[in-house]
Each structure stands twice: as structure tokens, then as C-alpha cells.
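*Asks:* Structure file input_7.csv (CSV, C-alpha atoms) right here:
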```
chain,number,residue,atom,x,y,z
A,1,MET,CA,24.3,16.6,-19.0
A,2,VAL,CA,25.2,20.2,-18.5
A,3,VAL,CA,21.5,21.2,-18.6
A,4,ASP,CA,20.7,18.5,-16.1
A,5,ALA,CA,23.4,19.8,-13.7
A,6,LEU,CA,22.1,23.3,-13.9
A,7,VAL,CA,18.5,22.2,-13.4
A,8,ASN,CA,19.5,20.2,-10.3
A,9,ALA,CA,21.2,23.3,-8.9
A,10,VAL,CA,18.3,25.6,-9.7
A,11,THR,CA,15.7,23.3,-8.3
A,12,GLY,CA,17.5,23.3,-4.9
A,13,LYS,CA,18.6,19.7,-4.5
A,14,THR,CA,20.8,19.1,-1.5
A,15,SER,CA,24.5,18.6,-2.0
A,16,GLN,CA,24.0,15.0,-1.1
A,17,GLY,CA,21.7,14.6,-4.0
A,18,ILE,CA,23.9,16.2,-6.6
A,19,SER,CA,26.6,14.0,-8.3
A,20,PRO,CA,30.3,15.0,-8.3
A,21,LEU,CA,30.0,15.6,-12.0
A,22,ASP,CA,27.1,18.1,-11.4
A,23,ARG,CA,29.3,19.9,-8.9
A,24,ILE,CA,32.1,20.2,-11.4
A,25,VAL,CA,29.7,21.7,-13.9
A,26,VAL,CA,28.0,24.1,-11.5
A,27,ASP,CA,30.9,25.2,-9.3
A,28,LEU,CA,33.8,25.1,-11.7
A,29,ARG,CA,32.9,25.0,-15.4
A,30,PHE,CA,29.8,27.3,-15.5
A,31,PRO,CA,31.3,30.2,-13.5
A,32,ARG,CA,34.5,29.9,-15.5
A,33,ALA,CA,32.5,30.2,-18.8
A,34,LEU,CA,30.6,33.2,-17.4
A,35,LEU,CA,33.9,34.8,-16.3
A,36,ALA,CA,35.3,34.3,-19.8
A,37,ILE,CA,32.2,35.9,-21.4
A,38,LEU,CA,32.2,38.9,-19.0
A,39,ALA,CA,36.0,39.5,-19.2
A,40,GLY,CA,36.2,39.0,-23.0
A,41,ALA,CA,33.2,41.3,-23.7
A,42,GLY,CA,34.5,43.9,-21.3
A,43,LEU,CA,38.0,43.9,-22.7
A,44,GLY,CA,36.6,44.2,-26.2
A,45,VAL,CA,34.6,47.3,-25.3
A,46,VAL,CA,37.5,48.8,-23.4
A,47,GLY,CA,39.8,48.3,-26.4
A,48,CYS,CA,37.2,49.9,-28.7
A,49,LEU,CA,36.9,53.0,-26.6
A,50,LEU,CA,40.6,53.5,-26.0
A,51,GLN,CA,41.3,53.2,-29.7
A,52,THR,CA,38.7,55.9,-30.3
A,53,VAL,CA,39.8,58.4,-27.7
A,54,THR,CA,43.6,58.0,-28.4
A,55,ARG,CA,43.1,57.8,-32.2
A,56,ASN,CA,45.6,54.9,-32.1
A,57,ASP,CA,44.6,51.6,-33.8
A,58,LEU,CA,47.1,49.7,-31.6
A,59,ALA,CA,45.7,51.0,-28.3
A,60,ASP,CA,44.4,48.3,-26.0
A,61,PRO,CA,43.7,48.0,-22.2
A,62,PHE,CA,47.3,47.1,-21.4
A,63,LEU,CA,49.0,49.9,-23.1
A,64,PHE,CA,48.4,52.4,-20.2
A,65,GLY,CA,50.0,50.6,-17.3
A,66,LEU,CA,46.8,49.1,-16.0
A,67,SER,CA,47.9,45.5,-16.3
A,68,SER,CA,51.4,46.3,-15.0
A,69,GLY,CA,49.9,47.9,-11.9
A,70,ALA,CA,47.5,45.0,-11.3
A,71,ALA,CA,50.4,42.5,-11.8
A,72,ALA,CA,52.5,44.4,-9.3
A,73,GLY,CA,49.7,44.2,-6.7
A,74,ALA,CA,49.2,40.5,-7.2
A,75,VAL,CA,52.9,39.7,-7.2
A,76,LEU,CA,53.2,41.7,-3.9
A,77,VAL,CA,50.7,39.3,-2.3
A,78,ILE,CA,52.3,36.1,-3.9
A,79,THR,CA,55.9,36.9,-3.0
A,80,VAL,CA,55.8,39.2,0.0
A,81,THR,CA,52.7,39.6,2.1
A,82,GLY,CA,50.8,36.3,1.6
A,83,ASP,CA,47.0,35.9,1.9
A,84,VAL,CA,46.6,38.2,4.9
A,85,LEU,CA,42.9,38.8,4.0
A,86,GLY,CA,42.2,35.2,2.9
A,87,PHE,CA,40.8,34.4,-0.5
A,88,TRP,CA,40.1,38.0,-1.3
A,89,THR,CA,43.7,39.2,-0.8
A,90,LEU,CA,44.9,38.6,-4.4
A,91,PRO,CA,41.9,40.1,-6.3
A,92,LEU,CA,41.8,43.1,-4.0
A,93,ALA,CA,45.6,43.7,-4.3
A,94,ALA,CA,45.5,43.4,-8.1
A,95,PHE,CA,42.5,45.7,-8.4
A,96,MET,CA,44.1,48.4,-6.2
A,97,GLY,CA,47.4,48.1,-8.1
A,98,GLY,CA,45.5,48.7,-11.4
A,99,MET,CA,43.6,51.6,-10.1
A,100,MET,CA,46.8,53.1,-8.6
A,101,ALA,CA,48.5,52.9,-12.0
A,102,SER,CA,45.5,54.7,-13.6
A,103,VAL,CA,45.6,57.5,-11.1
A,104,ILE,CA,49.3,58.0,-11.7
A,105,VAL,CA,48.7,58.2,-15.4
A,106,LEU,CA,45.9,60.7,-15.0
A,107,VAL,CA,48.1,62.9,-12.6
A,108,LEU,CA,50.9,62.8,-15.1
A,109,VAL,CA,48.6,63.9,-17.9
A,110,SER,CA,46.8,66.6,-16.0
A,111,LYS,CA,49.8,68.1,-14.0
A,112,LEU,CA,53.0,67.3,-15.8
A,113,LEU,CA,52.1,66.4,-19.4
A,114,PRO,CA,49.1,68.5,-20.5
A,115,GLY,CA,48.1,67.7,-24.1
A,116,GLY,CA,46.2,65.3,-26.4
A,117,PRO,CA,46.0,61.5,-26.7
A,118,ALA,CA,49.7,61.1,-27.6
A,119,ARG,CA,50.6,62.4,-24.1
A,120,LEU,CA,48.2,59.9,-22.5
A,121,ILE,CA,49.9,57.1,-24.3
A,122,LEU,CA,53.4,58.3,-23.3
A,123,ALA,CA,52.3,58.6,-19.7
A,124,GLY,CA,50.8,55.1,-19.8
A,125,LEU,CA,53.9,53.6,-21.2
A,126,ALA,CA,56.1,55.2,-18.6
A,127,VAL,CA,53.9,53.9,-15.8
A,128,SER,CA,53.7,50.5,-17.4
A,129,PHE,CA,57.5,50.2,-17.5
A,130,LEU,CA,57.8,51.5,-13.9
A,131,PHE,CA,55.4,48.9,-12.5
A,132,MET,CA,57.0,46.2,-14.7
A,133,ALA,CA,60.4,47.0,-13.1
A,134,LEU,CA,58.8,46.9,-9.6
A,135,THR,CA,57.2,43.5,-10.4
A,136,ASN,CA,60.5,42.0,-11.7
A,137,TYR,CA,62.2,43.3,-8.5
A,138,MET,CA,59.7,41.6,-6.2
A,139,VAL,CA,59.9,38.3,-8.2
A,140,PHE,CA,63.7,38.4,-8.0
A,141,ALA,CA,63.9,39.4,-4.3
A,142,GLY,CA,60.9,37.5,-3.0
A,143,ASP,CA,60.1,33.9,-2.3
A,144,GLN,CA,61.4,31.9,-5.3
A,145,ARG,CA,59.0,29.1,-4.6
A,146,ALA,CA,56.2,31.4,-5.7
A,147,ALA,CA,57.8,32.0,-9.1
A,148,HIS,CA,55.5,29.5,-10.9
A,149,SER,CA,52.4,31.1,-9.4
A,150,VAL,CA,53.6,34.6,-10.5
A,151,LEU,CA,54.3,33.3,-14.0
A,152,PHE,CA,50.9,31.7,-14.4
A,153,TRP,CA,49.1,34.8,-13.1
A,154,THR,CA,51.0,37.2,-15.3
A,155,LEU,CA,50.2,35.1,-18.3
A,156,GLY,CA,46.5,35.0,-17.5
A,157,GLY,CA,44.1,32.3,-16.5
A,158,LEU,CA,40.5,31.7,-15.4
A,159,GLY,CA,41.3,29.3,-12.6
A,160,LEU,CA,40.1,31.8,-10.0
A,161,ALA,CA,36.5,31.7,-11.4
A,162,ARG,CA,34.1,31.4,-8.5
A,163,TRP,CA,30.5,32.4,-8.0
A,164,ASN,CA,31.5,34.9,-5.3
A,165,LEU,CA,34.0,36.7,-7.6
A,166,LEU,CA,31.7,37.0,-10.7
A,167,PRO,CA,30.1,40.2,-9.4
A,168,ILE,CA,33.5,41.9,-9.7
A,169,ALA,CA,33.7,40.9,-13.4
A,170,LEU,CA,30.0,41.9,-13.9
A,171,ALA,CA,30.6,45.3,-12.4
A,172,GLY,CA,33.6,45.8,-14.7
A,173,PHE,CA,31.6,44.8,-17.8
A,174,LEU,CA,28.5,46.9,-16.9
A,175,ALA,CA,30.6,50.0,-16.1
A,176,VAL,CA,32.3,50.2,-19.5
A,177,PHE,CA,29.4,48.8,-21.6
A,178,VAL,CA,26.8,51.2,-20.2
A,179,PHE,CA,29.1,54.1,-20.4
A,180,ALA,CA,29.9,53.3,-24.0
A,181,LEU,CA,26.3,53.1,-25.0
A,182,LEU,CA,25.3,56.2,-23.2
A,183,ARG,CA,28.1,58.2,-24.8
A,184,HIS,CA,28.1,56.6,-28.2
A,185,ARG,CA,27.3,59.8,-30.1
A,186,GLN,CA,30.1,61.7,-28.4
A,187,PHE,CA,32.5,58.9,-29.4
A,188,ASP,CA,31.2,59.1,-33.0
A,189,SER,CA,32.0,62.9,-33.0
A,190,LEU,CA,35.6,62.1,-32.0
A,191,LEU,CA,36.1,60.3,-35.2
A,192,ALA,CA,36.0,63.6,-37.0
A,193,GLY,CA,38.7,65.1,-34.8
A,194,ASP,CA,38.9,67.0,-31.5
A,195,GLU,CA,38.0,70.4,-33.0
A,196,THR,CA,34.9,69.1,-34.8
A,197,ALA,CA,33.8,67.3,-31.6
A,198,ALA,CA,34.2,70.5,-29.6
A,199,THR,CA,32.1,72.5,-32.1
A,200,LEU,CA,29.4,69.8,-31.6
A,201,GLY,CA,29.4,70.6,-27.8
A,202,VAL,CA,31.6,67.7,-26.7
A,203,ASP,CA,34.0,68.4,-23.8
A,204,VAL,CA,36.8,66.4,-25.4
A,205,GLU,CA,39.3,66.5,-22.5
A,206,TRP,CA,36.6,65.5,-20.0
A,207,LEU,CA,35.4,62.7,-22.2
A,208,ARG,CA,38.9,61.4,-22.8
A,209,ARG,CA,39.7,61.3,-19.0
A,210,ALA,CA,36.4,59.9,-18.0
A,211,THR,CA,36.8,57.2,-20.6
A,212,PHE,CA,40.2,56.3,-19.4
A,213,LEU,CA,39.0,56.2,-15.8
A,214,VAL,CA,36.1,53.9,-16.6
A,215,CYS,CA,38.3,51.7,-18.7
A,216,ALA,CA,40.9,51.6,-15.9
A,217,PHE,CA,38.2,50.5,-13.4
A,218,SER,CA,36.9,47.8,-15.8
A,219,THR,CA,40.4,46.5,-16.7
A,220,ALA,CA,41.5,46.4,-13.1
A,221,ALA,CA,38.3,44.4,-12.2
A,222,PHE,CA,39.0,41.9,-14.9
A,223,VAL,CA,42.8,41.6,-14.3
A,224,SER,CA,42.2,41.1,-10.5
A,225,ILE,CA,40.5,37.8,-11.3
A,226,THR,CA,41.9,36.6,-14.6
A,227,GLY,CA,45.5,37.9,-14.6
A,228,VAL,CA,47.0,39.6,-17.6
A,229,ILE,CA,45.2,38.5,-20.8
A,230,GLY,CA,46.6,40.4,-23.7
A,231,PHE,CA,45.6,41.2,-27.3
A,232,VAL,CA,41.8,40.7,-26.8
A,233,GLY,CA,41.2,44.5,-26.6
A,234,LEU,CA,43.5,45.1,-29.6
A,235,MET,CA,42.0,42.5,-32.0
A,236,VAL,CA,38.3,42.7,-31.2
A,237,PRO,CA,37.6,46.4,-32.2
A,238,HIS,CA,39.3,45.9,-35.6
A,239,LEU,CA,37.2,42.7,-36.3
A,240,ALA,CA,34.0,44.5,-35.2
A,241,ARG,CA,34.8,47.6,-37.1
A,242,SER,CA,35.2,45.6,-40.3
A,243,LEU,CA,31.7,44.2,-39.9
A,244,THR,CA,29.7,47.2,-38.6
A,245,GLY,CA,31.7,50.3,-39.6
A,246,PRO,CA,33.1,52.9,-37.2
A,247,LEU,CA,29.9,54.2,-35.5
A,248,HIS,CA,29.8,53.1,-31.9
A,249,ALA,CA,26.1,52.2,-31.3
A,250,ASN,CA,26.6,48.9,-33.1
A,251,LEU,CA,30.4,48.7,-32.8
A,252,VAL,CA,30.3,48.5,-29.0
A,253,ILE,CA,27.7,45.7,-29.0
A,254,LEU,CA,29.6,43.6,-31.6
A,255,SER,CA,32.9,44.2,-29.8
A,256,ALA,CA,31.3,42.8,-26.6
A,257,ILE,CA,30.0,39.7,-28.5
A,258,LEU,CA,33.3,39.0,-30.4
A,259,GLY,CA,35.4,39.6,-27.2
A,260,ALA,CA,33.3,37.1,-25.3
A,261,ALA,CA,33.5,34.5,-28.1
A,262,ILE,CA,37.2,34.9,-28.5
A,263,LEU,CA,38.1,34.6,-24.8
A,264,LEU,CA,35.7,31.6,-24.3
A,265,SER,CA,37.2,29.8,-27.3
A,266,SER,CA,40.7,30.6,-26.1
A,267,ASP,CA,39.9,29.1,-22.7
A,268,ILE,CA,38.7,25.9,-24.3
A,269,VAL,CA,42.0,25.7,-26.3
A,270,ALA,CA,44.0,26.5,-23.2
A,271,ARG,CA,42.3,23.7,-21.2
A,272,THR,CA,42.5,21.0,-23.8
A,273,ILE,CA,45.7,21.5,-25.9
A,274,LEU,CA,48.0,20.1,-23.1
A,275,SER,CA,45.4,18.2,-21.1
A,276,PRO,CA,45.4,17.4,-18.2
A,277,GLN,CA,47.7,20.4,-17.8
A,278,GLU,CA,46.2,23.8,-18.2
A,279,LEU,CA,48.0,26.3,-20.5
A,280,PRO,CA,47.9,30.0,-19.4
A,281,ILE,CA,45.2,31.6,-21.6
A,282,GLY,CA,47.4,34.6,-22.2
A,283,ILE,CA,49.7,32.3,-24.4
A,284,VAL,CA,46.7,31.5,-26.6
A,285,THR,CA,45.4,35.0,-27.0
A,286,THR,CA,49.0,36.3,-27.6
A,287,SER,CA,49.6,33.8,-30.3
A,288,ILE,CA,46.3,34.7,-32.0
A,289,GLY,CA,47.1,38.4,-31.5
A,290,ALA,CA,50.6,38.1,-33.1
A,291,LEU,CA,49.1,36.5,-36.2
A,292,PHE,CA,46.4,39.2,-36.3
A,293,VAL,CA,49.0,42.1,-36.0
A,294,LEU,CA,51.0,40.5,-38.9
A,295,GLY,CA,47.8,40.4,-41.0
A,296,LEU,CA,47.1,44.0,-40.0
A,297,VAL,CA,50.6,45.1,-41.0
A,298,ARG,CA,50.2,43.4,-44.4
A,299,ARG,CA,47.0,45.4,-45.1
A,300,LEU,CA,48.7,48.8,-44.4
```
In C-alpha cells, write the structure found in this file.
*Replies:*
Amino acid sequence: MVVDALVNAVTGKTSQGISPLDRIVVDLRFPRALLAILAGAGLGVVGCLLQTVTRNDLADPFLFGLSSGAAAGAVLVITVTGDVLGFWTLPLAAFMGGMMASVIVLVLVSKLLPGGPARLILAGLAVSFLFMALTNYMVFAGDQRAAHSVLFWTLGGLGLARWNLLPIALAGFLAVFVFALLRHRQFDSLLAGDETAATLGVDVEWLRRATFLVCAFSTAAFVSITGVIGFVGLMVPHLARSLTGPLHANLVILSAILGAAILLSSDIVARTILSPQELPIGIVTTSIGALFVLGLVRRL
């Protein structure tokens, strides 16, 4: 049935010749599945790189204020400005909010808090709390009728999946995936420490900031469409590392595969567990992530 619907769309049948069921598959379910694959794979790779450059096993894409900035941009649209640019207003505002948060973090690190990965984490936490406070203020002071939309978006969901938005997710995935593969040997050298990496010719500070900027771009791209989906970037690198080891050539590829599989499976659960009502996917991933962290703590 799914294959038939895709064949009908590819062969160019007119809309009158395609059944409503085919339309659901082609226009709703298939782009939603592709978005889950792209976002899950990208978040997995982002988490892998951030854990390497910060030397922090609990680092993930949302530790550095990226999700909080994107959430603030989206909530600004939902509660204050409205869709002034039409359908693209919400994704664009969320993307700009995420990138603004990343720029603030980089400015703090370079101008006010020079130092290693620990300073990057501290700057990210400070920016995250700042944007969370701004978001909560807008929710409280804005249109209360939009509170449900704000809640659903901040908990994550794939309901915005459309063919015309998939290039944003694809750009986010390709940016971080290609960057990781091209620099995988440099990331391997960081495993031995900054000083060892520097003796091997790696510009550690440049690599760390470039990695953060690429990860910020990718995370902002995903969050602008899916909302805040937590714990994927935290769990996936640990699972992949247990299967392939710490070297990044294989680790990055497996992180992408596992991230796509986890997010796609979580979306299926989110759509069916309370059917016909859709559960925010962030609740599913957070529940899985909580169990994963407990298991991680028991092994320490």
C-alpha cells in the first residue's frame, strides 16, 4: 500500500487519480518519516562531536543554549508577533533564535571566558538559563490561548513535516555529518588530550569553536522544524561507542544510523500510544533518556 502510493506519486498521476489514502502517505507520513530520520541522525552526530570536544560524556545538543534560543524564537512568534511571514515564520524565528544563542556563547567564550571546554559548557548553561527565563516570561505575559501550542512545541513533535521544509533538515544533517567525516582524524587526536592533539598539528581551539558553530547550525535547523527533542544526542553516542569504539570514522556513521532509528521509533510510539491523540515526541525520548542515564550511572 505504501509502495503503491509512492509509485503513484513518482509516475506523475494527477491529484484526481490519487486516493486520499495515497495523499496521506505521500504528503504526511513519508515526509514525517524522512524528517525523523534526518533529525535523529543529525542529533546523534551532533551529540557525538560535542561529547568529544568538551570531554564531557553528558554533553548533548541542548546543553549549550541552542534549544533554549530556538524555543524563545518560536514562542515569540506564537505568543507575540503571529505568522507575519506566513508558514515560514515559526521555523525562521526558531532558527534565528538558536543561532543567536550560539553566537552569544561563542562571544562569551572568546571575549569574557577564555579557556577550555569547561568554560564552553558554563557559557552554554548561562545562555540556556537566560533564554529559558525569556521564554517563560513571554508565555506568562503573552496570549494565554497559545499556551498549548507553546507546550507542544517545546516538548517536540514532527507535525510540521512538509516536503518544502525537508531541505532545512537535510542541510542541517549534511553540515554536521560531512564536517565530522572530513575531520574525523582530528577528533580522534582530541581523545588523547589537547596537548597531544596540538603536537599532532591540530589547532584545538579552532576545531572546538568550528565544531560548536557547525553543531549550532545543525541543531537550530532541526529544532526550527521539530521543536525541542531531548536526550537523543546524549544517548546515541554512548550506544554507538559501545559497538564501534571511540574512533570517529565508524562512530559518526553508526551514531547517525542509531539516531535515525531511535527518533523514528519514538515517533511511532508517540503517534500510537494515545491514538488518536498525538503525544509530544519529546516525552518519549525523555522517558527513554531517563532510563538510559540511570543505567549509565549504575555502570560508573
*Asks:* For A:Leu165, find every residue with an atom within 12 Å (counting all atoms listed in the file), except residues of its own chain fewer than 5 positions away, and show them as an NGL selection string.
*Replies:* :A and (31-32 or 34-35 or 38 or 87-88 or 90-92 or 158-160 or 170-172 or 221-222 or 224-226)
*Asks:* Would you mind exporting C-alpha atoms of the selected residues as a PDB file, keeping the file's coordinate frame?
*Replies:*
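After the write, again34.pdb holds the following:
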```pdb
ATOM      1  CA  PRO A  31      31.300  30.200 -13.500  1.00  0.00           C
ATOM      2  CA  ARG A  32      34.500  29.900 -15.500  1.00  0.00           C
ATOM      3  CA  LEU A  34      30.600  33.200 -17.400  1.00  0.00           C
ATOM      4  CA  LEU A  35      33.900  34.800 -16.300  1.00  0.00           C
ATOM      5  CA  LEU A  38      32.200  38.900 -19.000  1.00  0.00           C
ATOM      6  CA  PHE A  87      40.800  34.400  -0.500  1.00  0.00           C
ATOM      7  CA  TRP A  88      40.100  38.000  -1.300  1.00  0.00           C
ATOM      8  CA  LEU A  90      44.900  38.600  -4.400  1.00  0.00           C
ATOM      9  CA  PRO A  91      41.900  40.100  -6.300  1.00  0.00           C
ATOM     10  CA  LEU A  92      41.800  43.100  -4.000  1.00  0.00           C
ATOM     11  CA  LEU A 158      40.500  31.700 -15.400  1.00  0.00           C
ATOM     12  CA  GLY A 159      41.300  29.300 -12.600  1.00  0.00           C
ATOM     13  CA  LEU A 160      40.100  31.800 -10.000  1.00  0.00           C
ATOM     14  CA  LEU A 170      30.000  41.900 -13.900  1.00  0.00           C
ATOM     15  CA  ALA A 171      30.600  45.300 -12.400  1.00  0.00           C
ATOM     16  CA  GLY A 172      33.600  45.800 -14.700  1.00  0.00           C
ATOM     17  CA  ALA A 221      38.300  44.400 -12.200  1.00  0.00           C
ATOM     18  CA  PHE A 222      39.000  41.900 -14.900  1.00  0.00           C
ATOM     19  CA  SER A 224      42.200  41.100 -10.500  1.00  0.00           C
ATOM     20  CA  ILE A 225      40.500  37.800 -11.300  1.00  0.00           C
ATOM     21  CA  THR A 226      41.900  36.600 -14.600  1.00  0.00           C
TER      22      THR A 226
END
```
*Asks:* Around all the atoms of stretch 285-296 of chain A listed in the file, draw an axis-aligned box and extend it by 4 Å on each of the six sides; I want its centre and edge lengths in Å to one decimal, as JSON.
*Replies:*
```
{"center_x": 48.2, "center_y": 38.9, "center_z": -34.0, "size_x": 13.6, "size_y": 18.2, "size_z": 22.0}
```
*Asks:* Measuring between all atoms listed in the file, which one of A:Asn250, A:Thr244, A:Ser102, A:Asn136 shows the shortest distance to A:Ala210?
*Replies:*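 Once distances to A:Ala210 are computed over all atoms listed in the file, the minimum belongs to A:Ser102.
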*Asks:* Measuring atom to atom with all atoms listed in the file, identify which of A:Leu264, A:Ala94, A:Val75, A:Leu85 is nearest to A:Ala147.
*Replies:*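 That would be A:Val75, the residue with the smallest distance to A:Ala147.
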*Asks:* Expressed in Å to a single decimal, how great is the separation between atom CA of A:Val46 and atom CA of A:Val228?
*Replies:* 14.4 Å
*Asks:* Return the single residue from A:Tyr137, A:Phe64, A:Phe292, A:Trp153 that is closest to A:Val103, with distances computed using all atoms listed in the file.
*Replies:* A:Phe64
*Asks:* Quote the spacing between atom CA of A:Ala198 and atom CA of A:Ser110 in Å to one decimal place.
*Replies:*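 According to the coordinates, atom CA of A:Ala198 and atom CA of A:Ser110 are separated by 18.9 Å.
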*Asks:* Atom CA of A:Lys111 and atom CA of A:Leu125 are how many Å apart?
*Replies:*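 If I compute the distance from atom CA of A:Lys111 to atom CA of A:Leu125, I get 16.7 Å.
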*Asks:* Counting only C-alpha atoms, which residues have an atom no more than 10 Å from (37.8, 55.6, -29.2) in the file's coordinates? Please list them as JSON, numbers by chain.
*Replies:* {"A": [45, 46, 47, 48, 49, 50, 51, 52, 53, 54, 55, 56, 57, 59, 180, 184, 186, 187, 188, 190, 191, 208, 211, 237, 246, 248]}
*Asks:* Which is closest to A:Ile104 among A:Ala240, A:Ile273, A:Leu66, A:Val84, if we use only C-alpha atoms?
*Replies:*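 The shortest atom-to-atom distance to A:Ile104 comes from A:Leu66.
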*Asks:* Which is closest to A:Leu155 among A:Leu58, A:Leu294, A:Val223, A:Ala33, if we use only C-alpha atoms?
*Replies:*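 The answer is A:Val223, which sits nearest to A:Leu155.
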*Asks:* I need the residue nearest A:Ile229 from this list: A:Val127, A:Leu254, A:Val26, A:Ile283. Use all atoms listed in the file for the distance.
*Replies:*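 Under the stated criterion, the closest residue is A:Ile283.
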